[in-house]
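Peer 1: The file below is upload_9.pdb, PDB, C-alpha atoms:
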ATOM      1  CA  MET A   1       8.565  -4.963  -6.662
ATOM      2  CA  LYS A   2      10.412  -1.673  -6.801
ATOM      3  CA  ILE A   3       8.166   1.405  -6.784
ATOM      4  CA  ASN A   4       8.979   4.147  -9.273
ATOM      5  CA  ASN A   5      10.071   7.382  -7.615
ATOM      6  CA  GLU A   6       7.935   9.693  -9.732
ATOM      7  CA  PRO A   7       4.167   9.279  -9.972
ATOM      8  CA  LYS A   8       2.694   8.825 -13.452
ATOM      9  CA  LEU A   9      -0.077  10.851 -15.013
ATOM     10  CA  LEU A  10      -2.602   8.242 -16.104
ATOM     11  CA  PRO A  11      -4.825   8.753 -19.181
ATOM     12  CA  VAL A  12      -8.408   9.519 -18.171
ATOM     13  CA  ARG A  13     -11.174   7.611 -19.956
ATOM     14  CA  VAL A  14     -14.219   9.595 -21.061
ATOM     15  CA  TYR A  15     -17.942   9.019 -21.495
ATOM     16  CA  GLY A  16     -18.504   6.318 -24.097
ATOM     17  CA  ASP A  17     -15.504   4.217 -23.063
ATOM     18  CA  VAL A  18     -16.791   0.750 -22.142
ATOM     19  CA  ILE A  19     -14.603   0.437 -19.036
ATOM     20  CA  LEU A  20     -16.679   3.143 -17.359
ATOM     21  CA  ARG A  21     -19.663   0.751 -17.497
ATOM     22  CA  ILE A  22     -17.892  -2.323 -16.097
ATOM     23  CA  LYS A  23     -18.442  -3.257 -12.449
ATOM     24  CA  SER A  24     -15.052  -3.139 -10.738
ATOM     25  CA  LEU A  25     -13.437  -6.212  -9.202
ATOM     26  CA  PRO A  26     -12.453  -6.443  -5.529
ATOM     27  CA  VAL A  27      -8.770  -6.017  -4.763
ATOM     28  CA  LYS A  28      -7.259  -9.203  -3.355
ATOM     29  CA  GLU A  29      -3.603  -8.249  -2.903
ATOM     30  CA  PHE A  30      -2.509  -5.246  -0.855
ATOM     31  CA  ASP A  31       0.998  -4.948  -2.212
ATOM     32  CA  ASP A  32       3.490  -2.453  -3.625
ATOM     33  CA  LYS A  33       1.816  -2.698  -7.017
ATOM     34  CA  LEU A  34      -1.475  -1.510  -5.503
ATOM     35  CA  ARG A  35       0.258   1.295  -3.595
ATOM     36  CA  GLU A  36       2.046   2.474  -6.741
ATOM     37  CA  PHE A  37      -1.253   2.469  -8.642
ATOM     38  CA  ALA A  38      -2.924   4.422  -5.807
ATOM     39  CA  ARG A  39      -0.112   6.993  -5.914
ATOM     40  CA  ASP A  40      -0.511   7.395  -9.688
ATOM     41  CA  LEU A  41      -4.309   7.622  -9.321
ATOM     42  CA  THR A  42      -3.938  10.320  -6.666
ATOM     43  CA  TYR A  43      -1.408  12.260  -8.742
ATOM     44  CA  THR A  44      -3.727  12.099 -11.757
ATOM     45  CA  MET A  45      -6.681  13.347  -9.687
ATOM     46  CA  TYR A  46      -4.714  16.412  -8.593
ATOM     47  CA  GLN A  47      -3.316  17.083 -12.061
ATOM     48  CA  ARG A  48      -6.863  16.952 -13.483
ATOM     49  CA  ASP A  49      -8.009  19.279 -10.680
ATOM     50  CA  GLY A  50     -10.536  16.776  -9.346
ATOM     51  CA  VAL A  51     -11.759  15.981  -5.845
ATOM     52  CA  GLY A  52     -12.176  12.290  -6.634
ATOM     53  CA  LEU A  53     -11.072   9.707  -9.177
ATOM     54  CA  ALA A  54     -12.006   6.039  -9.539
ATOM     55  CA  ALA A  55      -9.757   3.320 -10.946
ATOM     56  CA  ASN A  56     -11.947   2.607 -13.967
ATOM     57  CA  GLN A  57     -11.626   6.256 -15.014
ATOM     58  CA  VAL A  58      -7.975   5.511 -15.745
ATOM     59  CA  GLY A  59      -8.550   2.090 -17.309
ATOM     60  CA  SER A  60      -8.316  -0.241 -14.297
ATOM     61  CA  THR A  61     -10.986  -2.680 -13.132
ATOM     62  CA  GLN A  62      -9.822  -2.515  -9.508
ATOM     63  CA  ARG A  63     -12.342  -1.521  -6.843
ATOM     64  CA  VAL A  64     -10.385   1.570  -5.773
ATOM     65  CA  PHE A  65     -10.949   5.306  -5.685
ATOM     66  CA  VAL A  66      -9.266   8.344  -4.195
ATOM     67  CA  ILE A  67     -10.916  11.478  -2.814
ATOM     68  CA  ASP A  68      -9.814  14.814  -1.403
ATOM     69  CA  THR A  69     -12.901  16.907  -0.720
ATOM     70  CA  LEU A  70     -10.904  19.881   0.562
ATOM     71  CA  TRP A  71      -8.762  20.150  -2.581
ATOM     72  CA  SER A  72     -11.061  22.616  -4.318
ATOM     73  CA  ARG A  73     -10.812  25.095  -1.448
ATOM     74  CA  GLU A  74      -8.334  27.941  -1.503
ATOM     75  CA  ASP A  75      -5.126  27.355   0.475
ATOM     76  CA  SER A  76      -5.916  23.655   0.878
ATOM     77  CA  VAL A  77      -3.138  21.170   1.519
ATOM     78  CA  PRO A  78      -3.406  17.790  -0.232
ATOM     79  CA  ASN A  79      -5.098  15.231   2.022
ATOM     80  CA  PRO A  80      -6.024  12.282  -0.206
ATOM     81  CA  ILE A  81      -7.916   9.254   1.065
ATOM     82  CA  VAL A  82      -7.526   6.102  -1.023
ATOM     83  CA  MET A  83     -10.448   3.732  -0.536
ATOM     84  CA  VAL A  84      -9.965   0.099  -1.534
ATOM     85  CA  ASN A  85     -13.014  -2.199  -1.727
ATOM     86  CA  PRO A  86     -15.285   0.495  -0.253
ATOM     87  CA  VAL A  87     -18.837  -0.250   0.905
ATOM     88  CA  ILE A  88     -21.589   2.235   1.636
ATOM     89  CA  LEU A  89     -23.175   0.708   4.726
ATOM     90  CA  SER A  90     -26.156   3.043   5.034
ATOM     91  CA  GLY A  91     -27.512   6.363   3.855
ATOM     92  CA  GLU A  92     -30.225   8.769   4.871
ATOM     93  CA  GLY A  93     -31.652  12.148   4.041
ATOM     94  CA  GLU A  94     -31.489  13.850   0.681
ATOM     95  CA  TYR A  95     -28.946  16.277  -0.702
ATOM     96  CA  GLU A  96     -29.066  17.789  -4.177
ATOM     97  CA  MET A  97     -26.140  19.532  -5.779
ATOM     98  CA  GLU A  98     -24.625  20.156  -9.161
ATOM     99  CA  GLU A  99     -22.071  17.514 -10.074
ATOM    100  CA  GLY A 100     -19.463  17.223 -12.764
ATOM    101  CA  CYS A 101     -16.957  14.532 -13.636
ATOM    102  CA  ILE A 102     -13.464  14.299 -15.092
ATOM    103  CA  SER A 103     -14.776  11.568 -17.426
ATOM    104  CA  VAL A 104     -17.702  13.710 -18.586
ATOM    105  CA  PRO A 105     -15.871  17.009 -19.216
ATOM    106  CA  GLY A 106     -17.784  20.256 -19.464
ATOM    107  CA  ILE A 107     -21.118  18.843 -18.299
ATOM    108  CA  PHE A 108     -22.742  19.656 -14.968
ATOM    109  CA  ALA A 109     -26.154  18.639 -13.649
ATOM    110  CA  LYS A 110     -28.049  18.468 -10.386
ATOM    111  CA  VAL A 111     -28.088  15.037  -8.769
ATOM    112  CA  LYS A 112     -29.964  13.848  -5.674
ATOM    113  CA  ARG A 113     -28.023  11.651  -3.274
ATOM    114  CA  TYR A 114     -28.017  10.717   0.388
ATOM    115  CA  ASN A 115     -27.107  13.616   2.673
ATOM    116  CA  TYR A 116     -25.486  11.333   5.269
ATOM    117  CA  ILE A 117     -23.695   8.021   4.788
ATOM    118  CA  LYS A 118     -21.781   5.442   6.803
ATOM    119  CA  TYR A 119     -19.079   3.603   4.887
ATOM    120  CA  SER A 120     -16.169   1.220   5.232
ATOM    121  CA  TYR A 121     -13.049   0.603   3.177
ATOM    122  CA  PHE A 122      -9.526  -0.752   3.305
ATOM    123  CA  ASP A 123      -6.430   1.360   2.863
ATOM    124  CA  THR A 124      -3.631   0.233   0.540
ATOM    125  CA  TYR A 125      -2.089  -1.829   3.362
ATOM    126  CA  GLY A 126      -5.278  -3.825   3.915
ATOM    127  CA  ILE A 127      -6.249  -2.054   7.142
ATOM    128  CA  SER A 128     -10.007  -1.708   7.596
ATOM    129  CA  HIS A 129     -11.572   1.719   8.247
ATOM    130  CA  GLU A 130     -15.094   2.970   8.889
ATOM    131  CA  GLY A 131     -16.381   6.489   8.576
ATOM    132  CA  GLU A 132     -19.324   8.810   8.264
ATOM    133  CA  ALA A 133     -19.810  11.675   5.844
ATOM    134  CA  GLU A 134     -22.385  14.382   5.371
ATOM    135  CA  GLY A 135     -23.316  16.864   2.648
ATOM    136  CA  TYR A 136     -20.607  17.532   0.062
ATOM    137  CA  ASP A 137     -18.236  14.883   1.450
ATOM    138  CA  ALA A 138     -21.001  12.253   1.275
ATOM    139  CA  VAL A 139     -21.793  13.257  -2.315
ATOM    140  CA  VAL A 140     -18.160  12.889  -3.434
ATOM    141  CA  ILE A 141     -17.901   9.413  -1.896
ATOM    142  CA  GLN A 142     -21.199   8.320  -3.480
ATOM    143  CA  HIS A 143     -20.152   9.725  -6.877
ATOM    144  CA  GLU A 144     -16.875   7.769  -6.852
ATOM    145  CA  TYR A 145     -18.569   4.671  -5.430
ATOM    146  CA  ASP A 146     -21.016   4.756  -8.357
ATOM    147  CA  HIS A 147     -18.061   4.667 -10.758
ATOM    148  CA  LEU A 148     -17.010   1.332  -9.260
ATOM    149  CA  ASP A 149     -20.425  -0.059 -10.199
ATOM    150  CA  GLY A 150     -20.315   1.337 -13.748
ATOM    151  CA  ILE A 151     -22.699   4.208 -12.971
ATOM    152  CA  LEU A 152     -22.062   7.801 -14.078
ATOM    153  CA  PHE A 153     -23.696  10.878 -12.581
ATOM    154  CA  VAL A 154     -25.563  11.470 -15.856
ATOM    155  CA  ASP A 155     -27.373   8.167 -15.203
ATOM    156  CA  ARG A 156     -28.921   9.773 -12.111
ATOM    157  CA  ILE A 157     -30.371  12.903 -13.701
ATOM    158  CA  SER A 158     -33.901  13.421 -15.018
ATOM    159  CA  LYS A 159     -34.816  12.407 -18.571
ATOM    160  CA  LEU A 160     -35.408  16.068 -19.438
ATOM    161  CA  SER A 161     -31.977  17.089 -18.155
ATOM    162  CA  LEU A 162     -30.440  14.195 -20.081
ATOM    163  CA  LEU A 163     -32.143  15.324 -23.307
ATOM    164  CA  LYS A 164     -30.676  18.803 -22.840
ATOM    165  CA  ILE A 165     -27.117  17.459 -22.737
ATOM    166  CA  LYS A 166     -27.462  14.643 -25.273
ATOM    167  CA  ARG A 167     -25.492  16.473 -28.007
ATOM    168  CA  LYS A 168     -22.637  17.225 -25.629
ATOM    169  CA  LEU A 169     -22.583  13.598 -24.468
ATOM    170  CA  ASN A 170     -22.480  12.377 -28.057
ATOM    171  CA  ALA A 171     -19.591  14.746 -28.783
ATOM    172  CA  ILE A 172     -17.660  13.394 -25.792
ATOM    173  CA  MET A 173     -18.486   9.808 -26.776
ATOM    174  CA  SER A 174     -17.025  10.404 -30.240
ATOM    175  CA  THR A 175     -13.655  11.053 -28.576
ATOM    176  CA  ALA A 176     -13.765   7.938 -26.358
ATOM    177  CA  GLU A 177     -10.853   5.658 -27.044
ATOM    178  CA  ASN A 178     -12.867   2.499 -26.491
ATOM    179  CA  GLY A 179     -16.330   3.689 -27.368
ATOM    180  CA  GLN A 180     -18.260   2.328 -30.307
ATOM    181  CA  ASN A 181     -15.452   0.029 -31.559
ATOM    182  CA  ILE A 182     -15.027  -1.659 -28.169
ATOM    183  CA  ARG A 183     -11.343  -2.381 -28.681
ATOM    184  CA  THR A 184     -10.824  -2.443 -24.927
ATOM    185  CA  GLU A 185      -7.511  -2.793 -23.185
ATOM    186  CA  ILE A 186      -8.593  -3.340 -19.608
ATOM    187  CA  PHE A 187      -5.800  -2.900 -17.111
ATOM    188  CA  LYS A 188      -6.246  -5.598 -14.468
ATOM    189  CA  VAL A 189      -3.784  -5.401 -11.633
ATOM    190  CA  ASN A 190      -5.029  -7.772  -8.952
ATOM    191  CA  GLU A 191      -6.474 -10.859 -10.571
TER     192      GLU A 191
END
Rewrite the structure of this file - the entire thing - as structure tokens.
Peer 2:
Amino acid sequence: MKINNEPKLLPVRVYGDVILRIKSLPVKEFDDKLREFARDLTYTMYQRDGVGLAANQVGSTQRVFVIDTLWSREDSVPNPIVMVNPVILSGEGEYEMEEGCISVPGIFAKVKRYNYIKYSYFDTYGISHEGEAEGYDAVVIQHEYDHLDGILFVDRISKLSLLKIKRKLNAIMSTAENGQNIRTEIFKVNE
């Protein structure tokens, strides 16, 4: 397969789109098609000014996400990490911070997560990696990992906080391409 020279900006799915609630499928083939998708996913993350983006946020059921936790810092140089079939091996401690999401635009809420995690993943060539993360970096990985299981950060906030943002969520849901009508076009690459 020939890879396109220019990365593509992928359309981001928003709250209410059914694909955001589907558990992602493990990647089985580490090929040029996967690498091209990862490049487009990374490009889209940067264009949307995010520090992480999961495959289902752009309509794919692949178990893939990209992160770059330094991207939001001034004078940062892009340093994306694409994680394929990631696994959080363990977590400890507690860390609470305000989170937002490209798929839930304009909404921010405090979420409690592990402060420290150990994780593993494959890169786009099928090479296995293990790592540890703490604080903000751990939160970003957990946030994107949740996406792969169909969980959004708003699912992890208190009922009271959820009530406060219900109108905003409903407004976002009304714009979801595949919301109430469920006319889903799921993009499956590696099945």
Peer 1: Take the PyMOL selection byres ((chain A and resi 115-118) around 10), run it mentally on this structure, and tell me the resulting residues as a PyMOL selection string.
Peer 2: chain A and resi 87-96+112-114+119-120+130-139+141-142
Peer 1: Please write as number ranges by chain the full residue list that the PyMOL selection byres ((chain A and resi 86) around 12) yields on this file.
Peer 2: A: 24-27, 54, 62-66, 81-85, 87-89, 118-124, 126-131, 141-142, 144-149
Peer 1: Determine the residue set returned by the PyMOL selection byres ((chain A and resi 16) around 6) for the present structure, and present it as a list of chain:residue names.
Peer 2: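 Taken on the displayed file, the PyMOL selection byres ((chain A and resi 16) around 6) yields the residues A:Tyr15, A:Asp17, A:Met173, A:Ala176, A:Gly179.
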Peer 1: Could you pull the residues within 7 Å of region 39-41 of chain A, counting only C-alpha atoms, minus those fewer than 6 positions along the same chain, as a list in words?
Peer 2: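 Counting only the stated atoms, we get Pro7, Lys8, Leu9 and Leu10 of chain A.
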Peer 1: Just give me the gap between CA of Thr69 (chain A) and CA of Gly150 (chain A) in Å, one decimal is fine.
Peer 2: 21.6 Å
Peer 1: Any idea what's packed within 12 Å of region 102-105 of chain A, counting only C-alpha atoms, ignoring anything in its chain fewer than 5 positions away? Could you give it as a ChimeraX atom specification?
Peer 2: /A:11-21,44-59,143-144,147,151-155,165-166,168-173,175-177
Peer 1: Residues as selected, C-alpha atoms, written as a tab-separated table (two decimals), keeping the file's coordinate frame, can you do that?
Peer 2:
chain	number	residue	atom	x	y	z
A	11	PRO	CA	-4.82	8.75	-19.18
A	12	VAL	CA	-8.41	9.52	-18.17
A	13	ARG	CA	-11.17	7.61	-19.96
A	14	VAL	CA	-14.22	9.60	-21.06
A	15	TYR	CA	-17.94	9.02	-21.50
A	16	GLY	CA	-18.50	6.32	-24.10
A	17	ASP	CA	-15.50	4.22	-23.06
A	18	VAL	CA	-16.79	0.75	-22.14
A	19	ILE	CA	-14.60	0.44	-19.04
A	20	LEU	CA	-16.68	3.14	-17.36
A	21	ARG	CA	-19.66	0.75	-17.50
A	44	THR	CA	-3.73	12.10	-11.76
A	45	MET	CA	-6.68	13.35	-9.69
A	46	TYR	CA	-4.71	16.41	-8.59
A	47	GLN	CA	-3.32	17.08	-12.06
A	48	ARG	CA	-6.86	16.95	-13.48
A	49	ASP	CA	-8.01	19.28	-10.68
A	50	GLY	CA	-10.54	16.78	-9.35
A	51	VAL	CA	-11.76	15.98	-5.84
A	52	GLY	CA	-12.18	12.29	-6.63
A	53	LEU	CA	-11.07	9.71	-9.18
A	54	ALA	CA	-12.01	6.04	-9.54
A	55	ALA	CA	-9.76	3.32	-10.95
A	56	ASN	CA	-11.95	2.61	-13.97
A	57	GLN	CA	-11.63	6.26	-15.01
A	58	VAL	CA	-7.98	5.51	-15.74
A	59	GLY	CA	-8.55	2.09	-17.31
A	143	HIS	CA	-20.15	9.72	-6.88
A	144	GLU	CA	-16.88	7.77	-6.85
A	147	HIS	CA	-18.06	4.67	-10.76
A	151	ILE	CA	-22.70	4.21	-12.97
A	152	LEU	CA	-22.06	7.80	-14.08
A	153	PHE	CA	-23.70	10.88	-12.58
A	154	VAL	CA	-25.56	11.47	-15.86
A	155	ASP	CA	-27.37	8.17	-15.20
A	165	ILE	CA	-27.12	17.46	-22.74
A	166	LYS	CA	-27.46	14.64	-25.27
A	168	LYS	CA	-22.64	17.23	-25.63
A	169	LEU	CA	-22.58	13.60	-24.47
A	170	ASN	CA	-22.48	12.38	-28.06
A	171	ALA	CA	-19.59	14.75	-28.78
A	172	ILE	CA	-17.66	13.39	-25.79
A	173	MET	CA	-18.49	9.81	-26.78
A	175	THR	CA	-13.66	11.05	-28.58
A	176	ALA	CA	-13.76	7.94	-26.36
A	177	GLU	CA	-10.85	5.66	-27.04
Peer 1: Suppose you want the space between CA of Pro80 (chain A) and CA of Asp68 (chain A); what is it in Å?
Peer 2: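 Value for the CA of Pro80 (chain A)-CA of Asp68 (chain A) distance: 4.7 Å.
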Peer 1: Find the axis-aligned box for region 58-63 of chain A, covering all its listed atoms and adding 6 Å on each side, and write its centre and edge lengths in Å to one decimal as lines of an AutoDock Vina configuration file.
Peer 2:
center_x = -10.2
center_y = 1.4
center_z = -12.1
size_x = 16.4
size_y = 20.2
size_z = 22.5
Peer 1: Measure the distance from CA of Ser60 (chain A) to CA of Lys33 (chain A) in Å and round it to one decimal.
Peer 2: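 It comes out at 12.7 Å.
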Peer 1: Given the choices A:Ser76, A:Glu6, A:Leu163, A:Tyr125, which gets closest to Phe30 (chain A) if the distance is worked out from only C-alpha atoms?
Peer 2: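 Closest candidate: A:Tyr125.
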